[in-house]
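Participant: Dropping in run_14.txt, which is compact mmCIF, C-alpha atoms:
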```txt
# COMPACT_ATOMS: atom_id res chain seq x y z
CA MET I 172 19.00 15.26 -37.38
CA GLY I 173 17.19 17.19 -34.61
CA ALA I 174 17.86 17.05 -30.89
CA THR I 175 14.98 14.63 -30.26
CA ASP I 176 16.25 12.26 -32.96
CA LYS I 177 19.73 12.34 -31.43
CA VAL I 178 18.38 11.49 -27.98
CA TYR I 179 16.32 8.68 -29.49
CA GLN I 180 19.25 7.25 -31.45
CA LEU I 181 21.45 7.46 -28.35
CA ILE I 182 19.06 5.21 -26.42
CA ILE I 183 17.79 2.98 -29.25
CA ASN I 184 20.28 1.42 -31.66
CA ASP I 185 19.61 1.51 -35.43
CA GLU I 186 18.37 -2.05 -35.65
CA ASP I 187 15.83 -1.50 -32.89
CA ALA I 188 14.81 1.87 -34.28
CA ARG I 189 13.73 0.29 -37.60
CA SER I 190 11.49 -2.19 -35.81
CA CYS I 191 7.99 -0.69 -35.70
CA GLN I 192 5.78 -3.61 -36.62
CA ASP I 193 2.95 -3.07 -34.15
CA LEU I 194 2.26 0.61 -35.02
CA PRO I 195 0.71 2.27 -38.10
CA ASP I 196 3.13 3.94 -40.53
CA SER I 197 1.96 7.42 -39.51
CA ALA I 198 2.72 6.65 -35.86
CA CYS I 199 6.13 5.16 -36.71
CA ARG I 200 7.27 8.43 -38.25
CA GLU I 201 6.60 10.24 -34.97
CA VAL I 202 8.22 7.67 -32.67
CA PRO I 203 11.49 9.61 -31.94
CA ARG I 204 9.63 12.80 -30.98
CA ASN I 205 6.99 10.98 -28.94
CA PHE I 206 9.67 8.84 -27.27
CA PHE I 207 11.46 12.00 -26.12
CA LEU I 208 8.27 13.69 -24.88
CA LEU I 209 7.14 10.58 -22.99
CA MET I 210 10.59 10.22 -21.44
CA MET I 211 10.69 13.87 -20.31
CA SER I 212 7.21 13.72 -18.77
CA GLN I 213 8.11 10.50 -16.95
CA ILE I 214 11.34 12.00 -15.61
CA LEU I 215 9.48 14.99 -14.18
CA THR I 216 6.64 12.98 -12.61
CA THR I 217 9.00 10.33 -11.21
CA LEU I 218 11.09 13.11 -9.69
CA GLY I 219 7.92 14.60 -8.20
CA ASP I 220 6.94 11.20 -6.78
CA LEU I 221 10.31 10.85 -5.10
CA LEU I 222 10.10 14.34 -3.60
CA ILE I 223 6.76 13.54 -1.90
CA ASN I 224 7.36 9.84 -1.30
CA PRO I 225 4.85 8.71 1.38
CA LYS I 226 7.30 6.10 2.64
CA THR I 227 9.89 8.73 3.54
CA VAL I 228 9.15 12.44 3.01
CA LEU I 229 5.42 12.51 3.86
CA ALA I 230 5.99 10.19 6.82
CA TRP I 231 8.61 12.59 8.20
CA LEU I 232 6.36 15.55 7.42
CA MET I 233 3.53 14.04 9.47
CA GLY I 234 5.91 13.75 12.39
CA ALA I 235 7.12 17.31 11.93
CA VAL I 236 3.59 18.77 12.11
CA GLY I 237 2.64 16.55 15.06
CA ALA I 238 0.39 14.08 13.29
CA SER I 239 2.49 10.92 13.44
CA GLY I 240 -0.60 8.84 14.24
CA LEU I 241 -1.72 9.22 10.62
CA VAL I 242 1.48 7.79 9.13
CA ALA I 243 0.02 4.29 8.84
CA TRP I 244 -2.54 5.55 6.32
CA LEU I 245 -0.12 7.17 3.88
CA VAL I 246 0.92 4.20 1.72
CA PRO I 247 -2.52 2.50 1.50
CA VAL I 248 -4.24 5.80 0.60
CA ARG I 249 -1.54 6.77 -1.89
CA GLU I 250 -1.59 3.41 -3.69
CA SER I 251 -5.20 2.20 -3.47
CA GLY I 252 -6.77 5.61 -4.08
CA SER I 253 -5.22 5.75 -7.55
CA MET I 254 -6.26 2.19 -8.42
CA LEU I 255 -9.79 1.62 -7.15
CA PRO I 256 -11.59 4.03 -9.56
CA GLN I 257 -9.68 2.86 -12.63
CA ILE I 258 -12.20 0.28 -13.73
CA VAL I 259 -14.73 3.11 -14.25
CA VAL I 260 -12.13 5.54 -15.63
CA GLY I 261 -10.98 2.90 -18.11
CA ALA I 262 -14.53 2.22 -19.34
CA TRP I 263 -15.04 5.96 -19.89
CA MET I 264 -11.63 6.49 -21.49
CA ARG I 265 -11.99 3.65 -24.00
CA ARG I 266 -14.80 5.57 -25.74
CA LYS I 267 -12.39 8.41 -26.60
CA PRO I 268 -10.12 8.02 -29.66
CA VAL I 269 -7.39 10.31 -28.22
CA ARG I 270 -6.53 9.75 -24.56
CA LYS I 271 -3.50 11.87 -23.80
CA PHE I 272 -5.65 14.65 -22.34
CA PHE I 273 -6.81 12.31 -19.57
CA TRP I 274 -3.15 12.13 -18.53
CA VAL I 275 -2.78 15.91 -18.76
CA ALA I 276 -5.87 16.43 -16.57
CA GLY I 277 -4.56 13.91 -14.06
CA SER I 278 -1.16 15.61 -13.94
CA MET I 279 -2.74 19.00 -13.26
CA GLY I 280 -4.93 17.42 -10.58
CA GLN I 281 -1.83 16.02 -8.88
CA ALA I 282 -0.18 19.44 -8.99
CA LEU I 283 -3.18 21.07 -7.33
CA SER I 284 -3.31 18.32 -4.69
CA VAL I 285 0.37 18.78 -3.78
CA LEU I 286 -0.23 22.53 -3.62
CA GLY I 287 -3.04 21.79 -1.17
CA MET I 288 -0.60 19.79 0.97
CA ALA I 289 1.73 22.78 1.07
CA LEU I 290 -1.10 25.10 2.15
CA SER I 291 -2.15 22.63 4.86
CA VAL I 292 1.38 22.54 6.25
CA TRP I 293 1.73 26.33 6.19
CA PHE I 294 -1.65 27.41 7.59
CA LEU I 295 -2.59 24.49 9.87
CA GLU I 296 -0.83 22.61 12.64
CA GLY I 297 -1.02 19.35 14.55
CA LEU I 298 -3.74 16.88 13.68
CA SER I 299 -5.53 19.42 11.46
CA ALA I 300 -2.42 19.78 9.28
CA GLY I 301 -2.05 16.00 9.09
CA LEU I 302 -5.69 15.51 8.09
CA GLY I 303 -5.30 18.24 5.47
CA VAL I 304 -2.28 16.48 3.97
CA LEU I 305 -4.13 13.14 4.04
CA ALA I 306 -7.22 14.62 2.33
CA CYS I 307 -5.03 16.13 -0.40
CA LEU I 308 -3.30 12.77 -0.77
CA VAL I 309 -6.71 11.19 -1.49
CA ALA I 310 -7.30 13.77 -4.25
CA PHE I 311 -3.75 13.22 -5.50
CA SER I 312 -4.31 9.46 -5.77
CA LEU I 313 -7.62 9.85 -7.62
CA ALA I 314 -5.98 12.18 -10.17
CA ARG I 315 -3.13 9.72 -10.51
CA GLY I 316 -5.62 7.03 -11.54
CA PHE I 317 -6.34 8.94 -14.76
CA CYS I 318 -2.61 9.13 -15.52
CA SER I 319 -2.03 5.44 -14.86
CA VAL I 320 -4.63 4.21 -17.35
CA ALA I 321 -3.88 6.83 -20.02
CA GLN I 322 -0.09 6.55 -19.83
CA LYS I 323 0.00 2.85 -20.65
CA ASP I 324 -2.45 3.32 -23.50
CA VAL I 325 -0.58 6.27 -25.03
CA LEU I 326 2.76 4.47 -24.58
CA GLY I 327 1.39 1.43 -26.43
CA LYS I 328 0.09 3.63 -29.28
CA THR I 329 3.22 5.75 -29.76
CA VAL I 330 6.25 3.56 -28.90
CA PRO I 331 6.75 0.10 -30.46
CA LYS I 332 7.46 -3.13 -28.62
CA GLY I 333 11.09 -3.61 -27.70
CA GLN I 334 11.56 0.06 -26.75
CA ARG I 335 9.00 0.64 -23.98
CA GLY I 336 11.00 -0.90 -21.16
CA ARG I 337 14.13 1.13 -21.76
CA LEU I 338 12.10 4.36 -22.03
CA THR I 339 10.77 3.81 -18.50
CA GLY I 340 14.20 2.64 -17.35
CA VAL I 341 16.01 5.75 -18.59
CA ALA I 342 13.36 8.04 -17.08
CA THR I 343 13.57 6.31 -13.70
CA THR I 344 17.37 6.36 -13.72
CA VAL I 345 17.66 10.06 -14.57
CA SER I 346 15.05 11.16 -12.01
CA GLY I 347 16.59 8.90 -9.36
CA LEU I 348 20.05 10.38 -9.86
CA LEU I 349 18.59 13.89 -9.60
CA VAL I 350 16.98 13.02 -6.27
CA VAL I 351 20.22 11.47 -5.00
CA GLY I 352 22.06 14.73 -5.68
CA LEU I 353 19.23 16.79 -4.21
CA SER I 354 19.04 14.63 -1.07
CA ILE I 355 22.77 14.92 -0.42
CA LEU I 356 22.54 18.69 -0.86
CA LEU I 357 19.50 19.15 1.37
CA PHE I 358 20.34 16.67 4.13
CA ARG I 359 24.07 17.21 4.52
CA GLU I 360 23.24 18.79 7.89
CA GLN I 361 21.87 16.51 10.61
CA THR I 362 19.42 19.10 11.98
CA GLU I 363 15.64 18.68 11.73
CA PRO I 364 14.26 20.33 8.54
CA SER I 365 11.96 23.32 9.08
CA LEU I 366 8.35 23.55 7.86
CA LEU I 367 9.53 26.07 5.25
CA PHE I 368 11.83 23.36 3.89
CA TYR I 369 8.90 20.96 3.47
CA LEU I 370 6.81 23.73 1.92
CA LEU I 371 9.45 24.42 -0.74
CA LEU I 372 9.79 20.69 -1.40
CA LEU I 373 6.03 20.38 -2.03
CA LEU I 374 5.88 23.51 -4.20
CA THR I 375 8.74 22.20 -6.33
CA ALA I 376 6.95 18.88 -6.81
CA ALA I 377 3.71 20.66 -7.81
CA GLY I 378 5.59 22.64 -10.44
CA LEU I 379 7.07 19.44 -11.89
CA TRP I 380 3.58 18.01 -12.54
CA VAL I 381 2.48 21.22 -14.27
CA VAL I 382 5.45 21.15 -16.65
CA ALA I 383 4.99 17.40 -17.24
CA GLY I 384 1.37 17.93 -18.24
CA TRP I 385 2.37 20.65 -20.69
CA ILE I 386 4.96 18.32 -22.27
CA PHE I 387 2.59 15.34 -22.47
CA ALA I 388 -0.02 17.46 -24.28
CA ALA I 389 2.48 17.88 -27.16
CA ILE I 390 2.58 14.11 -27.92
CA ASP I 391 1.33 13.24 -31.40
CA GLU I 392 -1.20 10.49 -30.63
CA TYR I 393 -3.18 8.90 -33.46
CA GLU I 394 -6.84 8.06 -32.95
CA GLY I 395 -7.34 4.59 -31.53
CA GLU I 396 -10.14 2.09 -31.14
CA THR I 397 -13.34 3.19 -29.42
CA THR I 398 -16.44 1.42 -28.21
CA GLY I 399 -19.74 2.93 -27.20
CA GLY I 400 -21.95 2.35 -24.24
CA SER I 401 -24.38 4.42 -22.25
CA ASN I 402 -23.19 3.39 -18.80
CA ALA I 403 -19.49 3.39 -17.97
CA LEU I 404 -20.08 1.77 -14.58
CA LYS I 405 -22.02 -1.10 -16.16
CA GLU I 406 -19.24 -1.61 -18.71
CA ALA I 407 -16.66 -1.50 -15.95
CA VAL I 408 -18.35 -4.19 -13.88
CA GLY I 409 -18.71 -6.29 -17.04
CA ASN I 410 -14.97 -6.03 -17.63
CA LEU I 411 -14.35 -7.97 -14.41
CA ARG I 412 -15.13 -11.10 -16.43
CA LEU I 413 -11.63 -10.74 -17.91
CA VAL I 414 -10.28 -12.22 -14.67
CA ARG I 415 -12.56 -15.23 -15.08
CA ASP I 416 -12.17 -15.77 -18.82
CA ASP I 417 -8.54 -14.84 -19.55
CA LEU I 418 -6.11 -17.32 -17.95
CA LEU I 419 -2.96 -15.31 -18.70
CA PHE I 420 -4.48 -12.11 -17.34
CA ARG I 421 -5.68 -13.91 -14.20
CA ARG I 422 -2.20 -15.28 -13.54
CA PHE I 423 -0.72 -11.84 -14.09
CA VAL I 424 -3.10 -10.24 -11.56
CA LEU I 425 -2.34 -12.95 -8.97
CA THR I 426 1.40 -12.52 -9.51
CA ARG I 427 1.18 -8.75 -9.21
CA GLY I 428 -0.94 -9.01 -6.07
CA LEU I 429 1.53 -11.30 -4.33
CA LEU I 430 4.46 -9.05 -5.28
CA LEU I 431 2.81 -6.08 -3.56
CA SER I 432 5.09 -7.04 -0.71
CA SER I 433 7.97 -5.18 -2.37
CA ALA I 434 6.02 -1.93 -1.79
CA LEU I 435 4.40 -2.75 1.55
CA VAL I 436 7.59 -3.77 3.34
CA ALA I 437 9.46 -0.46 2.86
CA PRO I 438 7.88 1.55 5.74
CA TYR I 439 8.59 -1.28 8.16
CA LEU I 440 12.30 -1.16 7.33
CA VAL I 441 12.23 2.56 8.15
CA ILE I 442 10.48 1.86 11.47
CA LEU I 443 13.08 -0.78 12.43
CA ALA I 444 15.89 1.63 11.56
CA GLN I 445 14.33 4.42 13.63
CA GLU I 446 14.17 2.11 16.62
CA VAL I 447 17.90 1.41 16.33
CA THR I 448 19.11 4.92 15.42
CA PRO I 449 16.59 7.74 15.83
CA GLY I 450 17.51 10.98 14.07
CA ALA I 451 16.37 13.32 11.33
CA TRP I 452 19.36 12.46 9.16
CA LEU I 453 17.74 9.09 8.43
CA LEU I 454 15.29 10.83 6.10
CA GLY I 455 18.17 11.84 3.84
CA VAL I 456 19.76 8.39 4.11
CA PHE I 457 16.59 6.59 3.05
CA MET I 458 15.81 9.10 0.28
CA VAL I 459 19.29 8.51 -1.13
CA ALA I 460 18.97 4.73 -0.72
CA SER I 461 15.58 4.67 -2.44
CA SER I 462 16.58 6.96 -5.31
CA LEU I 463 20.00 5.42 -5.84
CA GLY I 464 18.55 1.91 -5.85
CA SER I 465 15.96 2.84 -8.46
CA SER I 466 18.32 4.87 -10.63
CA ALA I 467 21.12 2.30 -10.49
CA SER I 468 18.87 -0.50 -11.67
CA ALA I 469 15.99 0.93 -13.69
CA MET I 470 17.90 1.30 -16.95
CA VAL I 471 19.21 -2.27 -16.66
CA TRP I 472 15.74 -3.57 -15.81
CA GLY I 473 14.37 -1.62 -18.79
CA TRP I 474 16.78 -3.19 -21.26
CA MET I 475 16.06 -6.62 -19.80
CA ALA I 476 12.30 -6.02 -19.97
CA ASP I 477 12.52 -5.33 -23.69
CA GLN I 478 13.99 -8.81 -24.03
CA SER I 479 11.66 -10.53 -21.55
CA SER I 480 9.48 -8.65 -19.06
CA ARG I 481 8.52 -12.02 -17.55
CA ARG I 482 12.11 -12.74 -16.55
CA VAL I 483 12.40 -9.27 -15.02
CA ILE I 484 9.36 -9.95 -12.80
CA LEU I 485 10.82 -13.33 -11.90
CA ARG I 486 14.25 -12.04 -10.93
CA ALA I 487 13.05 -8.92 -9.13
CA GLY I 488 10.41 -10.90 -7.23
CA GLY I 489 13.02 -13.45 -6.17
CA LEU I 490 15.31 -10.68 -4.94
CA ALA I 491 12.47 -9.07 -2.94
CA SER I 492 11.53 -12.37 -1.32
CA LEU I 493 15.11 -13.18 -0.29
CA LEU I 494 15.56 -9.68 1.11
CA CYS I 495 12.35 -9.76 3.18
CA LEU I 496 13.06 -13.21 4.58
CA GLY I 497 16.65 -12.26 5.36
CA VAL I 498 15.79 -8.97 7.09
CA GLY I 499 12.93 -10.59 9.02
CA ALA I 500 15.22 -13.33 10.31
CA THR I 501 18.01 -10.85 11.11
CA SER I 502 15.70 -8.57 13.11
CA LEU I 503 14.67 -11.56 15.26
CA SER I 504 18.27 -12.60 15.88
CA GLN I 505 20.76 -11.24 18.41
CA VAL I 506 22.66 -9.05 15.92
CA PRO I 507 24.27 -6.02 17.69
CA ALA I 508 22.50 -2.69 17.21
CA SER I 509 25.70 -1.17 15.78
CA ALA I 510 25.53 -3.61 12.86
CA LEU I 511 21.81 -3.00 12.27
CA VAL I 512 22.50 0.73 11.78
CA TRP I 513 23.99 -0.14 8.39
CA ILE I 514 22.00 -3.28 7.57
CA TYR I 515 18.67 -1.48 7.26
CA PRO I 516 19.78 1.29 4.84
CA VAL I 517 21.55 -1.34 2.70
CA ALA I 518 18.41 -3.48 2.79
CA PHE I 519 16.31 -0.45 1.78
CA PHE I 520 18.68 0.19 -1.13
CA THR I 521 18.41 -3.44 -2.27
CA LEU I 522 14.64 -3.38 -1.86
CA SER I 523 14.50 -0.28 -4.09
CA ILE I 524 16.33 -2.25 -6.78
CA ALA I 525 13.91 -5.16 -6.46
CA HIS I 526 10.81 -2.95 -6.38
CA ALA I 527 12.00 -1.03 -9.45
CA GLY I 528 12.29 -4.35 -11.30
CA VAL I 529 8.88 -5.59 -10.17
CA ARG I 530 7.26 -2.30 -11.15
CA LEU I 531 8.97 -1.94 -14.50
CA GLY I 532 8.56 -5.59 -15.40
CA ARG I 533 4.84 -5.77 -14.71
CA LYS I 534 4.17 -2.44 -16.50
CA THR I 535 6.01 -3.59 -19.62
CA TYR I 536 4.39 -7.03 -19.46
CA LEU I 537 0.90 -5.52 -19.30
CA VAL I 538 1.50 -3.13 -22.21
CA ASP I 539 3.00 -5.91 -24.36
CA MET I 540 0.32 -8.46 -23.39
CA ALA I 541 -2.56 -6.68 -25.14
CA GLY I 542 -3.36 -4.02 -27.71
CA GLY I 543 -6.11 -1.53 -28.48
CA ASN I 544 -8.95 -1.26 -25.98
CA LYS I 545 -7.91 -4.54 -24.39
CA ARG I 546 -4.84 -2.78 -23.03
CA THR I 547 -7.03 -0.11 -21.43
CA ASP I 548 -9.37 -2.74 -19.94
CA TYR I 549 -6.47 -4.85 -18.62
CA THR I 550 -4.90 -1.81 -16.94
CA ALA I 551 -8.14 -0.59 -15.38
CA VAL I 552 -9.33 -3.99 -14.11
CA SER I 553 -5.95 -5.08 -12.71
CA ASN I 554 -5.32 -1.74 -10.97
CA THR I 555 -8.79 -1.69 -9.40
CA LEU I 556 -8.40 -5.22 -8.04
CA ILE I 557 -4.89 -4.47 -6.76
CA GLY I 558 -6.17 -1.28 -5.12
CA ALA I 559 -8.78 -3.25 -3.18
CA LEU I 560 -6.16 -5.85 -2.21
CA LEU I 561 -3.85 -3.08 -0.97
CA LEU I 562 -6.45 -1.88 1.50
CA VAL I 563 -6.96 -5.43 2.78
CA MET I 564 -3.23 -6.11 3.05
CA GLY I 565 -2.67 -2.73 4.70
CA GLY I 566 -5.18 -3.63 7.40
CA VAL I 567 -3.76 -7.13 7.91
CA THR I 568 -0.15 -5.96 8.17
CA ALA I 569 -1.16 -3.11 10.51
CA LEU I 570 -2.76 -5.62 12.89
CA ILE I 571 0.20 -8.02 12.76
CA SER I 572 2.65 -5.15 13.29
CA MET I 573 1.03 -4.56 16.68
CA VAL I 574 2.45 -7.95 17.65
CA SER I 575 5.75 -7.96 15.74
CA ILE I 576 7.16 -5.92 12.86
CA SER I 577 9.61 -8.72 12.13
CA LEU I 578 6.68 -11.10 11.67
CA VAL I 579 5.14 -8.71 9.13
CA ILE I 580 8.37 -8.65 7.13
CA LEU I 581 8.59 -12.45 7.14
CA LEU I 582 4.97 -12.71 5.98
CA LEU I 583 5.61 -10.27 3.13
CA GLY I 584 8.70 -12.29 2.22
CA LEU I 585 6.61 -15.45 1.89
CA MET I 586 4.13 -13.52 -0.27
CA ALA I 587 6.94 -12.39 -2.57
CA LEU I 588 8.27 -15.95 -2.79
CA THR I 589 4.83 -17.23 -3.82
CA GLY I 590 4.55 -14.40 -6.36
CA THR I 591 7.90 -15.39 -7.84
CA VAL I 592 6.63 -18.96 -8.31
CA MET I 593 3.52 -17.55 -10.01
CA ALA I 594 5.68 -15.43 -12.32
CA TRP I 595 7.40 -18.62 -13.47
CA GLN I 596 4.05 -19.77 -14.86
CA LEU I 597 3.49 -16.64 -16.97
CA LYS I 598 4.14 -17.05 -20.67
CA GLU I 599 6.44 -14.81 -22.69
CA VAL I 600 4.72 -11.91 -24.46
```
Would you mind writing the file out in structure tokens?
Facilitator:
Amino acid sequence: MGATDKVYQLIINDEDARSCQDLPDSACREVPRNFFLLMMSQILTTLGDLLINPKTVLAWLMGAVGASGLVAWLVPVRESGSMLPQIVVGAWMRRKPVRKFFWVAGSMGQALSVLGMALSVWFLEGLSAGLGVLACLVAFSLARGFCSVAQKDVLGKTVPKGQRGRLTGVATTVSGLLVVGLSILLFREQTEPSLLFYLLLLLTAAGLWVVAGWIFAAIDEYEGETTGGSNALKEAVGNLRLVRDDLLFRRFVLTRGLLLSSALVAPYLVILAQEVTPGAWLLGVFMVASSLGSSASAMVWGWMADQSSRRVILRAGGLASLLCLGVGATSLSQVPASALVWIYPVAFFTLSIAHAGVRLGRKTYLVDMAGGNKRTDYTAVSNTLIGALLLVMGGVTALISMVSISLVILLLGLMALTGTVMAWQLKEV
């Protein structure tokens, strides 16, 4: 038994490993090797994501170069930029029998974009440096759109049902633990990091995407379904009818849209914490809280998602809603500032657990809900719609935050609560 088979058997028990009913026989024989390659590529890219997290690292970087006014754009650009083009990317991709190279191209594009951020930080300063980072983040998000559509399709073609959730869970846990260790090492001093520090952080992240692309290219992907069509944009617009005609898919998109609150609320927790205790050491605290929350829960969420991804969405959404409502109410109360110093990092840690569950649950649910080209169409349509909604919600929350950040958090909590109720109505897949 080779090393890849040993890793596979360590994660998947024998009974699960024999279950390969939704894949062709030729693909079943390659499952252990593909499982390992997918897991390694996910570990590297998740680690890269955590190293350039717009909610923490890039936000601090903008402040360090003197472009803090651009911080509000980081999360909407990072999230929506990767989603909006996917309806066209998906229509183009579905005409290709092998789709792993879309992911490889996207990974290399992300590496080049992060390299561009590093060059902007090193050669520019002030607002120019901030605009350079933001422009590279746009390119990064567009390249990420290719990876998002292709990854779910390749995962569905190479790993059987009942094993996909734990693959993502293990990858998230391992990468999260690595970032926890790295954060403690880098931020053990309470001094402000230098620009050279940020440069090395970005260069390391770029290298991770290069290696991940090289690993993903080695996956043995069998040829899948294809459909023709002369105009990808026309096909893409036509695919929007899925929201109208497919009740389950429509409920899933509504649920996912409402649970965006688990992602949108994070920067506001950081802002509240900065108001109570300003200091550079908070960057390390929140990086550890985010990574530790994801790594501590992702493997558990993954195992649970292989049993019922619907219940994972339900539980994680409920946790996010309770957290948002609780923090919003606490921030409006007369709690002493000394207590809030610890409440916000703990809340950020708990939010990371909830967001990891929402993310992993909805990814597994979408992959298990459909097969073939339908999986590609579902991914592209849902991500494009969610990308548009992110821009709208980003604008709405930005306006409300001018009045009260606590009010924003309460609003996002009510959104998460409604999304949890919607998740109850989803059927098991």
Participant: Considering all atoms listed in the file, return as a PyMOL selection string whatever protein or nucleic-acid residues lie within 8 Å of Gly489 in chain I, sequence-local ones (same chain, fewer than 2 positions apart) excluded.
Facilitator: chain I and resi 485-487+491-493+587-588+591
Participant: Save out the residues we just selected, C-alpha atoms, as a short mmCIF file (atom, residue, chain, number, x, y, z; two decimals), in the coordinates of the input.
Facilitator:
```cif
data_model
loop_
_atom_site.label_atom_id
_atom_site.label_comp_id
_atom_site.auth_asym_id
_atom_site.auth_seq_id
_atom_site.Cartn_x
_atom_site.Cartn_y
_atom_site.Cartn_z
CA LEU I 485 10.82 -13.33 -11.90
CA ARG I 486 14.25 -12.04 -10.93
CA ALA I 487 13.05 -8.92 -9.13
CA ALA I 491 12.47 -9.07 -2.94
CA SER I 492 11.53 -12.37 -1.32
CA LEU I 493 15.11 -13.18 -0.29
CA ALA I 587 6.94 -12.39 -2.57
CA LEU I 588 8.27 -15.95 -2.79
CA THR I 591 7.90 -15.39 -7.84
#
```
Participant: May I have a table of the residues of range 228-266 of chain I lying at most 12 Å from range 271-286 of chain I, giving each one's closest pair of atoms and their distance in Å to one decimal, counting only C-alpha atoms, ordered by chain and ascending residue number, as a tab-separated table?
Facilitator:
```
residue	atom	partner	partner_atom	distance
I:Leu229	CA	I:Val285	CA	11.1
I:Arg249	CA	I:Gln281	CA	11.6
I:Ser253	CA	I:Gly277	CA	10.5
I:Val260	CA	I:Phe273	CA	9.5
I:Gly261	CA	I:Phe273	CA	10.4
I:Trp263	CA	I:Phe273	CA	10.4
I:Met264	CA	I:Phe273	CA	7.8
I:Arg265	CA	I:Phe273	CA	11.0
```
Participant: Looking at I:Ala238, I:Leu379, I:Ile580, I:Leu290, which one is nearest to Asp220 in chain I, with distances taken over all atoms listed in the file?
Facilitator: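 Looking only at the distances to Asp220 in chain I, the closest residue turns out to be I:Leu379.
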Participant: Between CA of Ala476 in chain I and CA of Gly532 in chain I, what is the distance, to one decimal in Å?
Facilitator: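 Those two atoms sit 5.9 Å apart.
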Participant: Ser462 in chain I: which residues within 7 Å, counting all atoms listed in the file, same-chain residues fewer than 6 positions away excluded, as an mmCIF file with C-alpha atoms, keeping the file's coordinate frame?
Facilitator:
```cif
data_model
loop_
_atom_site.group_PDB
_atom_site.id
_atom_site.type_symbol
_atom_site.label_atom_id
_atom_site.label_comp_id
_atom_site.auth_asym_id
_atom_site.auth_seq_id
_atom_site.Cartn_x
_atom_site.Cartn_y
_atom_site.Cartn_z
ATOM 1 C CA GLY I 347 16.590 8.900 -9.360
ATOM 2 C CA LEU I 348 20.050 10.380 -9.860
ATOM 3 C CA VAL I 350 16.980 13.020 -6.270
ATOM 4 C CA VAL I 351 20.220 11.470 -5.000
#
```
Participant: Quote the spacing between CA of Val248 in chain I and CA of Val269 in chain I in Å to one decimal place.
Facilitator: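 Here the two named atoms are 29.3 Å from each other.
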Participant: Could you please determine the separation between CA of Leu522 in chain I and CA of Leu537 in chain I in Å, to one decimal place?
Facilitator: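 Calculated distance between CA of Leu522 in chain I and CA of Leu537 in chain I is 22.3 Å.
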Participant: Please list as an MDAnalysis selection string every residue within 12 Å of Val552 in chain I, counting all atoms listed in the file and excluding residues in the same chain fewer than 3 positions away.
Facilitator: chainID I and resid 254:262 316 319:320 406:415 420:421 423:424 537 545:549 555:559
Participant: Of the candidates I:Leu356, I:Leu531, I:Val567, I:Met233, which one gets nearest to Gly455 in chain I if we count only C-alpha atoms?
Facilitator: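 For Gly455 in chain I, the nearest of the candidates is I:Leu356.
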Participant: Produce the centre coordinates and the three edge lengths, each in Å to one decimal, of the box along x, y and z that contains all listed atoms of range 544-554 of chain I with 3 Å added on each side, as AutoDock Vina command-line options.
Facilitator:
```
--center_x -7.1 --center_y -2.6 --center_z -18.5 --size_x 10.5 --size_y 11.0 --size_z 21.0
```
Participant: Choose the residue, out of I:Leu215, I:Met593, I:Leu338, I:Leu560, that has the smallest atom-to-atom separation from Val382 in chain I; count only C-alpha atoms.
Facilitator: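 The closest residue to Val382 in chain I is I:Leu215.
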Participant: Excluding Val459 in chain I and any residue of its chain fewer than 4 positions from it, enumerate the residues within 10 Å of it, using only C-alpha atoms, and give them as an MDAnalysis selection string.
Facilitator: chainID I and resid 347:348 350:355 358 453:455 463:465 516 519:520
Participant: Would you please work out which residue, of I:Leu298, I:Val592, I:Leu367, I:Val436, is nearest to Thr568 in chain I when using only C-alpha atoms?
Facilitator: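 Nearest to Thr568 in chain I: I:Val436.
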Participant: Identify which of the residues I:Ala389, I:Gly219, I:Val447, I:Lys598 lies closest to Pro507 in chain I, counting all atoms listed in the file when measuring atom-to-atom distances.
Facilitator: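 Checking each of I:Ala389, I:Gly219, I:Val447, I:Lys598 against Pro507 in chain I, counting all atoms listed in the file, the winner is I:Val447.
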